[in-house]
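Below is one structure, written out as structure tokens; comments come after it.
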Amino acid sequence: WGSQEDTPWCRTMHSCGEFGVKGSWAHCDMRGVELRRADDGKLYNTKQFKEFYAEKGKEKWTGAAEQVERRMAKNGKAYTAYEFRDFYVDARGEQGWVDEWVTAKPEQRQAKDGTWYTWEEFVVHYGDKAAWSAWASAKIAGKSDEL
């Protein structure tokens, strides 16, 4: 699962980039790669999960799907890297969306006291252990409760 290379790569369309057995690909900008929060509360990419958890890396990465990094777009919504790219790529291009991502503020969620906090602020507010469940159940910025 995943690549062992130091520089991440992404599948491409229209035969752009390098060609491999499974299709075309190009190296990605490391700054736009998906990160997920590990048990220590820090964000890691897939390769770092492999290094951190060794043989349990794939299982831990899959299990951390709900702990994906999100950042705030200018429309006030929190997006994953993939969603953020989709939101900005037409207007900003492949490099431009990454530049937007890098400067975007981290996701905020609403705590029970009504205040919007980042993950780090949730940890301070709730404590290391309680922050996980409080974060999971908190309202995400820009998401509606309505279905």
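Labeling convention for the structure tokens: chains A, B, ... as they appear, residues from 1 per chain, ligands from 1 in order of appearance.
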
Which neighbours of segment 99-112 of chain A fall inside 10 Å, counting only C-alpha atoms, when residues of the same chain fewer than 5 positions from it are skipped, and could you give them as a VMD selection string?
chain A and resid 31 to 32 69 to 74 76 to 81 84 to 85 88 to 89 92 to 94 117 to 122 125 to 126 131 134 to 142

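The two atoms in question, atom CA of Met30 of chain A and atom CA of Lys56 of chain A, are spaced 23.2 Å apart.
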